[in-house]
Structure formats: C-alpha cells, structure tokens
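Engineer: The structure is given below, and queries will be raised subsequently.
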Amino acid sequence: MFRKADFRLVAAVLLLATVALVFGQWLIAEPPIALSSDISPLNPRLFPGLVLFGIVVVAGFFIANRIRGADDLEVELEPALADDDGGTKRLLGFLALVVVCALALNTLGFLTTMFVLMLGTSLLVGNDSIAQIIGFSIGLPFVIYVLVTHVLRTSLPELDAIESVLVPLLGLLPSF
Amino acid sequence: MLEALLAGFEAALRVDTFVWVSAGLLLGMLMGAMPGFTTTMGMSVLMPVAFLVGDPLIGIPFLIGVYKGGIYGGSVPAILISMPGTAASVVTVMDGHELTKKGQARKALDMGLAASVISDFISDLLTIVLIIPVAAIVLGFGPPEIAAIMFMSLVIVAVTATGPVLKGLLMLGVGFWLSFVGADPFSAMERYTFGTTELYDGFHLIPMLIGLFALPEIFNAVRTGDRQRGRIASLVGERLSWPELKASLRTIFRSTGIGTAVGLVPGLGQTVAAMMGYIAAKNASKHPETFGKGDIDGVAAAESANNAVNGPTMVPLLTLGIPGDNVTALLLGAFMMQGLRPGPTLFETSGSIVFAILIVMLFANLIFWVIGYYTIPLFSRVVTIKKSLLIPITIMLAFTGTYLARSNPFDLITLIGFGVLGLAARRASFDVMPMVMGFILGRELEYSFGQTVSLAGDNFLQFALTERLGMTAIVVATPILGTLIGLRMNRLRRQELIRGG
C-alpha cells in the first residue's frame, strides 16, 4: 500500500502543503502599509491558506482511507511500471538531456541545441538509422529556424558565427 | 448580437483562414491517427504557431482544425489495429475493429468520417443558435455570479475527472495553488516567488499545457522505446454506400443530441459522450446482440457522439470563460494569447470575431469531409510510422513553442518541471485536467470573489440573500449537482470496467 505510486504522490503533496501552510507568512509578502478594503478586499494569504488547508484535509483523508484499506473505484490511467529493459535509465538520461538543452539554449544557440536534443532523443528512443537521425536533426531545426525567423519574423537565440553565415542565405529567400 | 453575427459571417469568408483550417485538419488527423499521440498533445505543441501568426481568425481556426481532425484521426488506429489514437475513440474500437476483422475496414472508416462530419456540423450549428441567448443572458452577470459559476465548474470538473473524486479534488487544489504563484491580483504582493523575478508573473500557460499534455507522452515513449515495428494496418473492403449511411442516420442524430448535451456541461467530454451514445444506440437497436461484434451502427453511434461534443464546449468557454475539458482549456489559452478574453464581455467587445470563428468552425466540417474522404488511405498508413522518428520532432517542437511564447529560457525549465509532474500524476493514476482548470480559473475566481466582497460591503450574508440570489442559488446547488454527476460518472465507470473485464 505504502509503495503504491498514488500513495507516495499524495504523501509528497501532503508534506509540501503542510510546509507551505506552516511557513505561509514567510512565503507571502504582506503589504508594507495597510490597504483599505476597497483596494485590497482580500488578504493575499487568505485564498492560498484556504486552498492549502483544503489540500491537507483531502490528502489526509485519502491517506487515512488507504491505511484503513477502504475500497474505492480505481481507473488506472497508466499500467504499473514494470521496468525491465533499462526504461528508467533511458528516462533519466532523457531528463538529463532536456535539462542540459534547456540551460544551454541561450549559450549554444537554437540550431546546435536542437541538433543535440534531436540526436540524443533519437538514440534514446531507439532509432537505428544513422542517416535518418543526422538528416532529421540538422534539417528540421533549420526548417523551423527559417520559418520562425523569416516567415513569422520572431527571433531565436543563435551563435554569432552561425548567424553571420545564415543571414546572407536567408536574404536570398522571398520575403513574406 | 445579430449584427455581430452578420459581421462575423463576412469576416469568416477569407481564403487564408480556410487554408490554415485545412492545414490544421491534416495535422490533427495525422496526430490523431498515430497511436500514443493524443489530440491535446498535438494542440499543445502547435499552440505557439497559433500565437505567432498573430491573427485570431487564422490562429484559432487552425487549432480548431487540429481539434476536429484529431478526434476523427483517433478512430483510424482504433478501427484498424484496435488501438485508439485518442481517448474519445475507445468506444469506436468495440465495433470498428470487429468490422476490420470481417474485412470491412474501409466501410467502418467511411462511417466514422460521415458520422463525425454530420454530427459536428449539426452541433456547430446548434452552438451558434445556443450561444446567442446564453451570451445575452450572461451579459448581465457581475463578479458574484461569475465567481459562483466558476466554483460550480471547478466542482464539476473535479468530480468528473478520471478516477476517484478525492484524486480529482486534490489535483484541483494543486492547480489552484499553482495559480497563486506570482503577484497577488489586488495588492501586487509577491506570493511563493522566493524573491525571483522569473516567478513574479506566475507560471506561463504554454509551458504548463505542453508540459502536462505532451511531455508525459514523450517520457513514456522514451521509457518504452520503439516497439511499434511490424504492426500491419490493412485498409480493405468496400466503401460505405448511401443506403447504409441512410440506415444509420437515426443513430447519428440521436448520438448528436447526446453529444451536444454532454458538450454543454463542463468536464464530461468526448469519452463520456461516446459511451452514452453507444449505450443509447444499443438500447434502441432491434438487434442489440450484434453490438460489439461488428455492427456499423456502433461505429456511427460512438463517432457521432464524440464529435458532437466539439462545438457545444465552446458555449461555456466563450460566454463564461469556463473550459470544459483539456482541449477547450488549450483553446482558452489560444484566445487569451490573441488578446480575446472569453467571458461575459467577449461578445460585447469582439462579437464579430467570435462569430467569425464559429462560422469557420461550421464550414470547416465541409473541408473536413473532403479531406477525410481522400486521405483515409494515407492516414491508414500513418498508424505504422515509427515512434522513434516522431518523438524527436515532437520534443523539438515542444521546446521551440515554449521558448517562443515569452523568449524566456526559464519557461523551458518550467516545461520540464510540469512534464515530470504530469508523468508522476499519470503513473499514480491522477487526471491532470482538474489541475489545469484550477490553474486557469484559480486567480480568476480569487479576483471575482474579491470584487464580490467589495460589492457586498460589511454584510456579506445580507448581500447574498437579498441582492444576489442567483449567486446564492448556484453556490447552494453546486454540491447537489456535483454529487449527482459524480454518482452518474461512477456508474458509467463501473460499466466501462465491467465491459473491459
């Protein structure tokens, strides 16, 4: 019972909500001067406090029900994870990849980051065609880059060196 | 209101709008036809496109095209390989795949398309007819009534979420709490920002929606790897004939009525409509024993009911600003990003644009029929495309779309955070829909309630019992309505579980 995913998630929510409720006065700033009820009819702590209290009550009730072993209607959205062939490792690797790419986007630029992201993801998902991986990882980010910067006229972060090569090339395309 | 309708009609007749709708329909059908790729996932990833085109008469119809195409596209793998492309097609599997086994796949797909288009067209027409009086009524609503209706909608959404009510309420609370992060709407004091400027405006809707709807699918695909190879989808058999369609028209009309009614109630959605339409068709049939064994009426009932939900969900969304399901939550985000704020004043400020969008929705069905008719063979092949090819493209689109919303790399971290939360919720069998609703409506509810408190002055009870009886009636009726809908939902779920063995 205690090892079930939903029990653990509710326990985590209960813990976080309790902490947020207890330390609410430090997490929500008070107006430096008293505001009249016309300007601020509700204290900024009122709704968050009520909601957190509600979460604590519902989570507590859920956990108490589980401990009592009460039967409730369960509709499984996702079958229990039976990890067998390195699925968790792949998932953790993918998480690390997306976090690194998110942090590196502004530094490495759009095309390089997306190349790394698509290459890594293709390998992790199990695509075994190197030509396909390389072709898609270079071609698609480039198409998106052209669409966003040239057609939609929105900027994307890019390295100066790459941009200096691309700008004259994009200038050859018809303007929209 | 009628002037706005006429102006909307004129505004809707634009070639570029219909080109984008067609693109949306094709992309939606593509996404829906791929097992494991849901309509909400497709819409969330493509939402930034709607935002960037900058014209509500292009961006929103484009997303509506994705929505309509996606719901039908989901029936393609449901019929061909017994794997619903979207949750709405779960019921279609029962008879659709049996027809495929009998060598009548083409007929089942044709019936799915015809039922979808007919029901969608009728329900869209009813939506336009219904929305005029509803919009006129809600124009008189003030903050107290809006707050009460939001409260009612949130309760309905929580009790109709997949799984036990406690889980729905808990997710609603979490979404609500997340909406409080950022500046307080009245005093602008910081709440849960930990002193960071990135959180001062709160979490952005796009990373939240993409994170919760698209990323868990991607995480799941990475975890399971590519196991799709070798699956065969065969499109065989004769096409649907006019007498066969005519024989099923009664079922289609019945399911359209059911789907339209379900769509008007926030929180129920396509799957419930499909189940109710199917059960009603079986009960009305002279030969109910054939249902589940390849009855073409079963496909007609399920497909017309789930597609009839599409239009009416726009009634609570546009008039009250209340999204009824994941898809309308995404559409609400799209409207807001185009500078249109769904709610009682929307028809006053932008009536012609809203009617134009509804009229485009109506005509999109005709394009849908033509595109669907000619592309069925193409989409029947899509079900066999390797996931390992699509997942990298989807993650790239998710990243690009999220970044483009505010050009803020912090949103990418938020995207991943919500993705992990969505995955955890999935694995623990929690529906994220109440969380999204809580997030979208949380601040609005707080603001409307604050305005109500201001209006009430010193004596709130007297205000509620004498001046705002409508608000009081809604608040009092909410627990009763919630209990009744919750009980009905439990009964439907039990039936579904029994049927599923």
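Following the order of the structure tokens, first chain is A, next is B, and so on, with residues numbered from 1 inside each chain and ligands from 1 in the order they appear.
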Can you pull out every residue within 8 Å of Leu63 of chain B, counting only C-alpha atoms, but drop anything in the same chain fewer than 5 positions away, and send it as a tab-separated table (two decimals) with N, CA and C atoms, in the first residue's frame?
Structural biologist:
chain	number	residue	atom	x	y	z
B	21	VAL	N	-7.15	26.33	-41.76
B	21	VAL	CA	-8.04	25.30	-41.19
B	21	VAL	C	-7.72	23.95	-41.81
B	24	GLY	N	-4.66	22.64	-40.37
B	24	GLY	CA	-4.96	22.15	-39.01
B	24	GLY	C	-5.64	20.80	-39.05
B	43	MET	N	-2.38	19.61	-30.09
B	43	MET	CA	-2.80	21.01	-29.95
B	43	MET	C	-1.84	21.80	-29.08
B	46	LEU	N	1.25	22.58	-31.04
B	46	LEU	CA	1.02	23.52	-32.15
B	46	LEU	C	0.44	24.86	-31.70
B	47	MET	N	0.11	24.98	-30.43
B	47	MET	CA	-0.49	26.23	-29.95
B	47	MET	C	0.40	27.45	-30.17
B	50	ALA	N	-0.27	29.06	-33.45
B	50	ALA	CA	-1.48	29.89	-33.47
B	50	ALA	C	-1.20	31.25	-32.86
B	331	LEU	N	-7.78	25.92	-25.94
B	331	LEU	CA	-8.38	26.98	-26.77
B	331	LEU	C	-8.50	28.28	-25.97
Engineer: Tell me, as a PyMOL selection string, which residues lie within 8 Å of Gly8 of chain B, counting only C-alpha atoms; anything in the same chain fewer than 6 positions away does not count.
Structural biologist: chain B and resi 351-357+359
Engineer: Pick out each residue of segment 22-203 of chain B that DSSP on the backbone tags as alpha helix (DSSP H); I need them as JSON, numbers by chain.
Structural biologist: {"B": [22, 23, 24, 25, 26, 27, 28, 29, 30, 31, 32, 33, 39, 40, 41, 42, 43, 44, 45, 46, 47, 48, 49, 50, 51, 52, 56, 57, 58, 59, 60, 61, 62, 63, 64, 65, 66, 67, 68, 69, 70, 71, 72, 73, 75, 76, 77, 78, 79, 80, 81, 90, 91, 92, 93, 94, 95, 96, 97, 98, 99, 100, 101, 105, 106, 107, 108, 109, 110, 111, 112, 113, 114, 115, 116, 117, 118, 119, 120, 121, 122, 123, 124, 125, 126, 127, 128, 129, 130, 131, 132, 133, 134, 135, 136, 137, 138, 143, 144, 145, 146, 147, 148, 149, 150, 151, 152, 153, 154, 155, 156, 157, 158, 159, 160, 165, 166, 167, 168, 169, 170, 171, 172, 173, 174, 175, 176, 177, 178, 179]}
Engineer: Store the residues of this selection in a file with C-alpha atoms, as a compact mmCIF listing (two decimals), in the first residue's frame.
Structural biologist:
# COMPACT_ATOMS: atom_id res chain seq x y z
CA SER B 22 -7.19 22.68 -43.82
CA ALA B 23 -3.61 22.55 -42.54
CA GLY B 24 -4.96 22.15 -39.01
CA LEU B 25 -7.31 19.35 -40.08
CA LEU B 26 -4.50 17.46 -41.81
CA LEU B 27 -2.12 17.88 -38.87
CA GLY B 28 -4.86 16.92 -36.43
CA MET B 29 -5.73 13.78 -38.39
CA LEU B 30 -2.04 12.92 -38.56
CA MET B 31 -1.60 13.34 -34.80
CA GLY B 32 -4.84 11.51 -34.00
CA ALA B 33 -4.00 8.63 -36.32
CA THR B 39 -5.21 15.46 -29.82
CA THR B 40 -4.37 17.50 -26.73
CA MET B 41 -0.71 16.73 -27.25
CA GLY B 42 -0.90 17.87 -30.88
CA MET B 43 -2.80 21.01 -29.95
CA SER B 44 -0.47 21.91 -27.11
CA VAL B 45 2.62 21.53 -29.31
CA LEU B 46 1.02 23.52 -32.15
CA MET B 47 -0.49 26.23 -29.95
CA PRO B 48 2.54 28.52 -30.21
CA VAL B 49 2.03 28.52 -34.00
CA ALA B 50 -1.48 29.89 -33.47
CA PHE B 51 0.01 32.52 -31.18
CA LEU B 52 2.77 33.55 -33.58
CA PRO B 56 -7.25 35.33 -34.25
CA LEU B 57 -9.06 34.48 -37.48
CA ILE B 58 -6.14 32.30 -38.52
CA GLY B 59 -4.61 31.03 -35.28
CA ILE B 60 -7.78 29.87 -33.53
CA PRO B 61 -9.43 28.23 -36.59
CA PHE B 62 -6.10 26.47 -37.17
CA LEU B 63 -6.26 24.97 -33.68
CA ILE B 64 -9.94 24.11 -34.12
CA GLY B 65 -8.95 22.27 -37.31
CA VAL B 66 -6.35 20.31 -35.31
CA TYR B 67 -9.04 19.51 -32.74
CA LYS B 68 -11.64 18.29 -35.25
CA GLY B 69 -9.10 16.35 -37.31
CA GLY B 70 -7.57 14.82 -34.18
CA ILE B 71 -10.82 13.45 -32.82
CA TYR B 72 -11.61 11.74 -36.14
CA GLY B 73 -7.97 10.72 -36.69
CA SER B 75 -10.68 6.46 -34.87
CA VAL B 76 -8.29 5.31 -37.64
CA PRO B 77 -5.97 3.21 -35.43
CA ALA B 78 -8.98 2.29 -33.26
CA ILE B 79 -10.65 0.68 -36.27
CA LEU B 80 -7.56 -0.70 -38.00
CA ILE B 81 -5.39 -2.00 -35.19
CA VAL B 90 -12.11 3.99 -27.04
CA VAL B 91 -15.73 3.07 -27.76
CA THR B 92 -15.14 3.03 -31.54
CA VAL B 93 -12.79 0.05 -31.07
CA MET B 94 -15.65 -2.22 -29.98
CA ASP B 95 -17.36 -2.46 -33.36
CA GLY B 96 -14.80 -0.72 -35.58
CA HIS B 97 -12.09 -3.32 -35.14
CA GLU B 98 -14.58 -6.16 -35.39
CA LEU B 99 -15.55 -4.77 -38.82
CA THR B 100 -11.86 -4.73 -39.78
CA LYS B 101 -11.61 -8.39 -38.78
CA ALA B 105 -12.25 -1.66 -42.54
CA ARG B 106 -12.93 0.81 -45.33
CA LYS B 107 -16.64 0.84 -44.58
CA ALA B 108 -16.00 1.43 -40.87
CA LEU B 109 -13.64 4.33 -41.58
CA ASP B 110 -16.10 5.86 -44.04
CA MET B 111 -18.89 5.59 -41.49
CA GLY B 112 -16.62 7.13 -38.85
CA LEU B 113 -15.95 10.07 -41.15
CA ALA B 114 -19.56 10.56 -42.23
CA ALA B 115 -20.88 10.31 -38.65
CA SER B 116 -18.17 12.70 -37.41
CA VAL B 117 -18.85 15.32 -40.07
CA ILE B 118 -22.66 15.17 -39.87
CA SER B 119 -22.73 15.35 -36.06
CA ASP B 120 -20.05 18.02 -35.92
CA PHE B 121 -21.92 20.17 -38.46
CA ILE B 122 -25.25 19.88 -36.63
CA SER B 123 -23.71 20.51 -33.22
CA ASP B 124 -21.78 23.53 -34.53
CA LEU B 125 -25.00 24.92 -35.95
CA LEU B 126 -26.73 24.35 -32.60
CA THR B 127 -23.78 26.02 -30.87
CA ILE B 128 -24.27 29.21 -32.88
CA VAL B 129 -28.01 29.14 -32.19
CA LEU B 130 -27.50 28.45 -28.46
CA ILE B 131 -24.68 30.87 -27.88
CA ILE B 132 -26.72 33.96 -28.83
CA PRO B 133 -29.28 33.78 -25.98
CA VAL B 134 -26.69 32.49 -23.48
CA ALA B 135 -24.33 35.36 -24.33
CA ALA B 136 -27.23 37.82 -23.97
CA ILE B 137 -28.08 36.42 -20.52
CA VAL B 138 -24.51 36.38 -19.18
CA PRO B 143 -18.49 39.29 -10.38
CA PRO B 144 -20.70 37.45 -7.82
CA GLU B 145 -22.40 35.30 -10.48
CA ILE B 146 -19.12 34.73 -12.34
CA ALA B 147 -17.42 33.61 -9.11
CA ALA B 148 -20.33 31.26 -8.34
CA ILE B 149 -20.28 29.74 -11.83
CA MET B 150 -16.51 29.24 -11.67
CA PHE B 151 -16.92 27.50 -8.33
CA MET B 152 -19.59 25.24 -9.81
CA SER B 153 -17.47 24.44 -12.87
CA LEU B 154 -14.45 23.57 -10.77
CA VAL B 155 -16.50 21.19 -8.63
CA ILE B 156 -17.97 19.53 -11.74
CA VAL B 157 -14.52 19.19 -13.30
CA ALA B 158 -13.15 17.61 -10.11
CA VAL B 159 -15.96 15.06 -9.78
CA THR B 160 -15.91 14.12 -13.46
CA VAL B 165 -13.29 12.10 -6.56
CA LEU B 166 -10.61 12.61 -3.88
CA LYS B 167 -7.92 12.48 -6.54
CA GLY B 168 -9.81 14.98 -8.67
CA LEU B 169 -10.20 17.36 -5.72
CA LEU B 170 -6.54 17.04 -4.82
CA MET B 171 -5.40 17.85 -8.34
CA LEU B 172 -7.80 20.77 -8.44
CA GLY B 173 -6.24 22.08 -5.21
CA VAL B 174 -2.72 21.73 -6.60
CA GLY B 175 -3.68 23.61 -9.79
CA PHE B 176 -5.39 26.26 -7.71
CA TRP B 177 -2.31 26.68 -5.53
CA LEU B 178 -0.02 26.93 -8.57
CA SER B 179 -2.16 29.79 -9.88
Engineer: Can you measure atom CA of Glu217 of chain B to atom CA of Ile63 of chain A for me? One decimal in Å is fine.
Structural biologist: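 Atom-to-atom, atom CA of Glu217 of chain B to atom CA of Ile63 of chain A, that is 28.1 Å.
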Engineer: Check the smallest atom-to-atom distance from each of A:Ala12, A:Leu123, A:Ala17, A:Ala5 to chain B using only C-alpha atoms, then report the winner.
Structural biologist: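 Of A:Ala12, A:Leu123, A:Ala17, A:Ala5, the one nearest chain B is A:Ala5, counting only C-alpha atoms.
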Engineer: Could you please determine the separation between atom CA of Ser155 of chain A and atom CA of Tyr403 of chain B in Å, to one decimal place?
Structural biologist: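 Computed distance, atom CA of Ser155 of chain A to atom CA of Tyr403 of chain B, equals 10.3 Å.
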Engineer: Quick one: residues within 12 Å of Arg8 of chain A, only C-alpha atoms, excluding same-chain residues fewer than 6 positions away - as a list in words?
Structural biologist: Met1, Phe2, Leu14, Leu15, Ala59, Phe62, Ile63 and Arg66 of chain A; Ala424, Ala425, Arg427, Ala428 and Ser429 of chain B
Engineer: Next, the residues of the selection above should be written as a CSV table (one decimal), in the first residue's frame with C-alpha atoms.
Structural biologist:
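That gives us result-v7.csv:
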chain,number,residue,atom,x,y,z
A,1,MET,CA,0.0,0.0,0.0
A,2,PHE,CA,2.7,2.5,1.0
A,14,LEU,CA,0.6,16.5,1.9
A,15,LEU,CA,4.1,17.2,3.1
A,59,ALA,CA,-4.7,14.4,1.2
A,62,PHE,CA,-7.0,9.9,1.1
A,63,ILE,CA,-4.1,8.5,3.2
A,66,ARG,CA,-5.7,3.9,2.2
B,424,ALA,CA,4.1,11.4,-11.8
B,425,ALA,CA,0.4,12.1,-12.0
B,427,ARG,CA,1.8,6.8,-13.0
B,428,ALA,CA,-0.2,7.4,-9.9
B,429,SER,CA,-3.5,7.4,-11.9
Engineer: Fewer than 3 positions away in the same chain doesn't count, so skip those; otherwise give me all residues within 10 Å of Leu140 of chain A, counting only C-alpha atoms, as a PDB file with N, CA and C atoms, in the first residue's frame.
Structural biologist:
ATOM      1  N   LEU A 111      20.101  26.217 -33.215  1.00  0.00           N
ATOM      2  CA  LEU A 111      20.402  25.099 -34.128  1.00  0.00           C
ATOM      3  C   LEU A 111      21.261  24.029 -33.458  1.00  0.00           C
ATOM      4  N   MET A 114      19.176  22.246 -30.645  1.00  0.00           N
ATOM      5  CA  MET A 114      18.156  21.347 -31.184  1.00  0.00           C
ATOM      6  C   MET A 114      18.787  20.122 -31.862  1.00  0.00           C
ATOM      7  N   PHE A 115      19.956  20.321 -32.460  1.00  0.00           N
ATOM      8  CA  PHE A 115      20.669  19.185 -33.045  1.00  0.00           C
ATOM      9  C   PHE A 115      20.994  18.165 -31.951  1.00  0.00           C
ATOM     10  N   MET A 118      17.688  16.533 -30.601  1.00  0.00           N
ATOM     11  CA  MET A 118      17.081  15.543 -31.502  1.00  0.00           C
ATOM     12  C   MET A 118      17.960  14.307 -31.664  1.00  0.00           C
ATOM     13  N   GLY A 135      20.044  13.422 -40.670  1.00  0.00           N
ATOM     14  CA  GLY A 135      19.247  14.228 -41.603  1.00  0.00           C
ATOM     15  C   GLY A 135      18.165  15.020 -40.884  1.00  0.00           C
ATOM     16  N   PHE A 136      17.416  14.326 -40.017  1.00  0.00           N
ATOM     17  CA  PHE A 136      16.327  14.996 -39.291  1.00  0.00           C
ATOM     18  C   PHE A 136      16.866  16.011 -38.285  1.00  0.00           C
ATOM     19  N   SER A 137      17.960  15.648 -37.603  1.00  0.00           N
ATOM     20  CA  SER A 137      18.479  16.528 -36.542  1.00  0.00           C
ATOM     21  C   SER A 137      19.060  17.821 -37.097  1.00  0.00           C
ATOM     22  N   VAL A 143      14.717  24.093 -40.800  1.00  0.00           N
ATOM     23  CA  VAL A 143      13.416  24.492 -41.372  1.00  0.00           C
ATOM     24  C   VAL A 143      12.634  25.348 -40.366  1.00  0.00           C
ATOM     25  N   ILE A 144      12.617  24.896 -39.116  1.00  0.00           N
ATOM     26  CA  ILE A 144      11.895  25.640 -38.072  1.00  0.00           C
ATOM     27  C   ILE A 144      12.535  27.023 -37.875  1.00  0.00           C
ATOM     28  N   TYR A 145      13.865  27.052 -37.895  1.00  0.00           N
ATOM     29  CA  TYR A 145      14.577  28.325 -37.722  1.00  0.00           C
ATOM     30  C   TYR A 145      14.171  29.307 -38.822  1.00  0.00           C
ATOM     31  N   VAL A 146      14.139  28.818 -40.063  1.00  0.00           N
ATOM     32  CA  VAL A 146      13.772  29.682 -41.197  1.00  0.00           C
ATOM     33  C   VAL A 146      12.315  30.137 -41.056  1.00  0.00           C
TER      34      VAL A 146
ATOM     35  N   ILE B 393      11.020  14.864 -33.121  1.00  0.00           N
ATOM     36  CA  ILE B 393      10.385  16.038 -33.737  1.00  0.00           C
ATOM     37  C   ILE B 393       9.470  16.714 -32.722  1.00  0.00           C
ATOM     38  N   MET B 396      11.360  18.632 -30.078  1.00  0.00           N
ATOM     39  CA  MET B 396      11.909  19.875 -30.631  1.00  0.00           C
ATOM     40  C   MET B 396      10.803  20.934 -30.752  1.00  0.00           C
ATOM     41  N   LEU B 397       9.632  20.524 -31.216  1.00  0.00           N
ATOM     42  CA  LEU B 397       8.511  21.471 -31.340  1.00  0.00           C
ATOM     43  C   LEU B 397       8.075  21.974 -29.963  1.00  0.00           C
TER      44      LEU B 397
END
Engineer: Pick out the residues sitting within 9 Å of Met208 of chain B, and hand them over as a VMD selection string; count only C-alpha atoms, and ignore anything fewer than 6 positions along from it in its own chain.
Structural biologist: chain B and resid 411 414 to 415 417 to 419 436
Engineer: Give me, as a PyMOL selection string, all polymer residues having an atom no more than 9 Å from segment 158-175 of chain A, counting only C-alpha atoms and skipping those fewer than 2 positions away in the same chain.
Structural biologist: chain A and resi 105-112+146+150-151+155-156
Engineer: Name the closest residue to chain B among the candidates A:Gly49, A:Val19, A:Asn127, A:Gly69; distances are taken between atoms, counting only C-alpha atoms.
Structural biologist: A:Asn127
Engineer: So which residues touch segment 24-26 of chain A within 9 Å, counting only C-alpha atoms, skipping near sequence neighbours fewer than 6 positions away, as a ChimeraX atom specification?
Structural biologist: /A:45,48-49 /B:192
Engineer: Would you mind exporting N, CA and C atoms of the selected residues as a PDB file, in the first residue's frame?
Structural biologist:
ATOM      1  N   ARG A  45      -2.978  36.297   1.738  1.00  0.00           N
ATOM      2  CA  ARG A  45      -2.755  34.959   2.311  1.00  0.00           C
ATOM      3  C   ARG A  45      -4.044  34.153   2.440  1.00  0.00           C
ATOM      4  N   PRO A  48      -4.669  31.370  -0.723  1.00  0.00           N
ATOM      5  CA  PRO A  48      -3.670  30.287  -0.645  1.00  0.00           C
ATOM      6  C   PRO A  48      -3.811  29.467   0.631  1.00  0.00           C
ATOM      7  N   GLY A  49      -4.098  30.153   1.739  1.00  0.00           N
ATOM      8  CA  GLY A  49      -4.253  29.437   3.011  1.00  0.00           C
ATOM      9  C   GLY A  49      -5.424  28.475   2.957  1.00  0.00           C
TER      10      GLY A  49
ATOM     11  N   TYR B 192       4.919  33.147  -3.028  1.00  0.00           N
ATOM     12  CA  TYR B 192       5.701  31.945  -3.390  1.00  0.00           C
ATOM     13  C   TYR B 192       6.680  32.196  -4.550  1.00  0.00           C
TER      14      TYR B 192
END
Engineer: Rank nothing, just name the residue among B:Leu481, B:Val299, B:Ala221, B:Ala281 nearest to Phe94 of chain A, using only C-alpha atoms.
Structural biologist: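 Nearest candidate to Phe94 of chain A out of B:Leu481, B:Val299, B:Ala221, B:Ala281: B:Ala221.
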Engineer: Which distance in Å separates atom CA of Ile134 of chain A and atom CA of Ile391 of chain B, to one decimal?
Structural biologist: 14.7 Å
